[in-house]
Amino acid sequence: MRYLRHETERLLDQVIANRDHITGCGDVFKLEKILKQHFGKQHALAVSSATSGITAIAYAADLHDAEVIASPLSWGGSLAALGLLGNTMVLAGVESRTLNLDPESLPLCLSPRTRAVLSTDQGGTAADHESIAAFCRAHGLLYISDSACSMGAYDAQGRAAGSLADVTVVSFTQGKGITAGEGAAIVTEHAHIHDRLLQASQHPERQGKELGSFAASEFAPLNARIHPFAATLLVNSFEQQMDRLKDKQQRMSNFLARHSEELGIEASLYSAHPRISTYFDTHLPVDLSKLPAELEGAITYPRPVTTKLMGAYPVSFRVPSPLEPHLEELQATPYIRLNLLLELHPEWQYC
């Protein structure tokens with residue numbers, strides 16, 4: 001971004017000279033206003049990372065010792081935030097075209113202990129939020145959208161990815177469509193969730209300013225404020241980054257429209273709706289009989305979270321028995337990793 005070379009020192013001085021970020025003022029306020037407008041929501045809260053955001057949501061929703069339906073291809077950190085509070089992750093099915101959570105599999109995952117659904121915009125591609133949201137409303141479940149990779153993507157109806165969820169998390173870390181190097185945000189329409197998020201994750205001075213001094217406490221379980229410089233970078237570059245992402249989306253869609261058939265890639269969704277993804281790490285179904293041999297290095301096979309090492313914070317999983325064959329088949333189905341495909345074929349580079 002051109003402005004960084006010329007204005008970094010001025011922006012840094014601006015950050016150092018005040019404490020606006022502690023109270024949610026200044027560039028933090030401006031960033032949250034931008035996000036509320038983008039998603040069409042009443043409330044936004046800038047935080048340090050998407051993982052800390054999901055942790056804050058779990059605290060705010062009193063989501064513990066329950067079952068949460070999730071995609072088996074979720075990022076481990078998202079699930080760990082919920083597993084840390086004793087929740088069991090019930091793994092649903094995924095759609096073959098997008099590898100996003102399949103709404104048709106949700107009824108198989110329900111139990112008396114189910115409290116929420118966590119969907120992931122896999123690879124930056126908008127999930128079927130409309131169907132998932134309808135399911136959650138029908139069963140009284142909290143709908144959390146992990147839209148960490150899809151900031152700047154829109155569904156086929158032109159709605160911001162994740163905007164139909166009860167609460168949505170986006171990430172601004174390195175490599176995302178809109179980035180400040182690190183940072184994230186939570187957006188929601190629900191005032192009670194926003195207020196609890198403030199109490200769980202923000203400085204007492206901001207709690208007191210927005211909720212009243214009676215509600216402010218330094219005993220918040222998380223210190224999840226966004227770094228003030230990250231907020232400043234985003235406010236000063238947001239529109240420019242969105243324009244750059246839009247250009248990338250159009251060029252990627254054109255690339256897929258030109259080459260997907262000859263390569264045996266199923267990409268009709270992306271060529272029909274260029275902005276449905278940020279193309280952060282898109283995986284697409286591929287016919288191996290059509291793929292040139294020199295591009296076989298771009299082939300990958302989905303790896304469910306149950307096959308990954310848990311590390312220090314093991315997460316409890318449950319797979320409904322009717323979905324066990326689906327997970328086994330998933331691991332044997334080839335996909336093309338689009339970013340790697342472009343690396344292997346330099347003349348197709350679009351950015």
# chains A, B, ... in the order shown; residues from 1 in each chain; ligands from 1
call {"tool": "closest_atom_pairs", "arguments": {"of": "stretch 308-345 of chain A", "to": "stretch 265-270 of chain A", "cutoff": "12 Å", "atoms": "only C-alpha atoms", "output": "tab-separated table"}}
result
residue	atom	partner	partner_atom	distance
A:Pro334	CA	A:Ile265	CA	10.6
A:Tyr335	CA	A:Ile265	CA	8.6
A:Ile336	CA	A:Ile265	CA	7.6
A:Arg337	CA	A:Ile265	CA	10.6
A:Leu338	CA	A:Ile265	CA	10.0
A:Leu341	CA	A:Ile265	CA	11.3
call {"tool": "residues_around", "arguments": {"residues": "stretch 32-46 of chain A", "least_positions_apart": "5", "cutoff": "9 Å", "atoms": "only C-alpha atoms", "output": "ChimeraX atom specification"}}
result
/A:24,27,53,152,159-164,183-191,194,197-198,224-226,231,235,238
call {"tool": "closest_atom_pairs", "arguments": {"of": "stretch 279-323 of chain A", "to": "stretch 69-86 of chain A", "cutoff": "8 Å", "atoms": "only C-alpha atoms", "output": "CSV"}}
result
residue,atom,partner,partner_atom,distance
A:Pro302,CA,A:Leu73,CA,7.4
A:Arg303,CA,A:Leu73,CA,6.8
A:Pro304,CA,A:Pro72,CA,4.9
A:Val305,CA,A:Pro72,CA,5.7
A:Thr306,CA,A:Pro72,CA,7.5
A:Tyr313,CA,A:Ala80,CA,6.8
A:Pro314,CA,A:Ala80,CA,7.5
A:Val315,CA,A:Gly83,CA,5.1
A:Ser316,CA,A:Gly83,CA,6.7
call {"tool": "write_last_selection", "arguments": {"atoms": "N, CA and C atoms", "output": "PDB file, in the first residue's frame"}}
result
ATOM      1  N   PRO A 302      -8.965 -33.068   1.335  1.00  0.00           N
ATOM      2  CA  PRO A 302      -9.450 -32.445   2.575  1.00  0.00           C
ATOM      3  C   PRO A 302      -9.028 -33.233   3.805  1.00  0.00           C
ATOM      4  N   ARG A 303      -8.656 -32.485   4.835  1.00  0.00           N
ATOM      5  CA  ARG A 303      -8.179 -33.101   6.065  1.00  0.00           C
ATOM      6  C   ARG A 303      -9.053 -32.641   7.237  1.00  0.00           C
ATOM      7  N   PRO A 304      -9.992 -33.464   7.672  1.00  0.00           N
ATOM      8  CA  PRO A 304     -10.860 -33.075   8.793  1.00  0.00           C
ATOM      9  C   PRO A 304     -10.061 -32.818  10.066  1.00  0.00           C
ATOM     10  N   VAL A 305     -10.621 -31.994  10.941  1.00  0.00           N
ATOM     11  CA  VAL A 305      -9.915 -31.632  12.171  1.00  0.00           C
ATOM     12  C   VAL A 305      -9.631 -32.851  13.048  1.00  0.00           C
ATOM     13  N   THR A 306     -10.416 -33.902  12.909  1.00  0.00           N
ATOM     14  CA  THR A 306     -10.199 -35.095  13.739  1.00  0.00           C
ATOM     15  C   THR A 306      -8.889 -35.797  13.403  1.00  0.00           C
ATOM     16  N   TYR A 313      -4.467 -28.275  24.113  1.00  0.00           N
ATOM     17  CA  TYR A 313      -5.881 -28.120  24.452  1.00  0.00           C
ATOM     18  C   TYR A 313      -6.732 -29.056  23.595  1.00  0.00           C
ATOM     19  N   PRO A 314      -6.835 -30.314  23.978  1.00  0.00           N
ATOM     20  CA  PRO A 314      -7.626 -31.268  23.186  1.00  0.00           C
ATOM     21  C   PRO A 314      -9.094 -30.858  23.126  1.00  0.00           C
ATOM     22  N   VAL A 315      -9.705 -31.078  21.970  1.00  0.00           N
ATOM     23  CA  VAL A 315     -11.098 -30.726  21.751  1.00  0.00           C
ATOM     24  C   VAL A 315     -11.901 -32.008  21.605  1.00  0.00           C
ATOM     25  N   SER A 316     -13.063 -32.040  22.227  1.00  0.00           N
ATOM     26  CA  SER A 316     -13.930 -33.211  22.156  1.00  0.00           C
ATOM     27  C   SER A 316     -14.786 -33.140  20.894  1.00  0.00           C
TER      28      SER A 316
END
call {"tool": "select_by_dssp", "arguments": {"residues": "stretch 39-166 of chain A", "states": "alpha helix (DSSP H)", "output": "ChimeraX atom specification"}}
result
/A:39,50-60,76-83,129-139
call {"tool": "closest_atom_pairs", "arguments": {"of": "stretch 269-324 of chain A", "to": "stretch 121-132 of chain A", "cutoff": "6 Å", "atoms": "only C-alpha atoms", "output": "CSV"}}
result
residue,atom,partner,partner_atom,distance
A:Ile276,CA,A:Thr125,CA,5.8
A:Ser277,CA,A:Thr125,CA,4.0
A:Thr278,CA,A:Gly124,CA,4.9
A:Tyr279,CA,A:Gly124,CA,5.6
A:Phe280,CA,A:Gly124,CA,5.2
A:Asp281,CA,A:Gly123,CA,4.3
A:Thr282,CA,A:Gly123,CA,4.5
call {"tool": "residues_around", "arguments": {"residues": "A:Leu141", "least_positions_apart": "4", "cutoff": "7 Å", "atoms": "only C-alpha atoms", "output": "VMD selection string"}}
result
chain A and resid 115 to 117 136 to 137
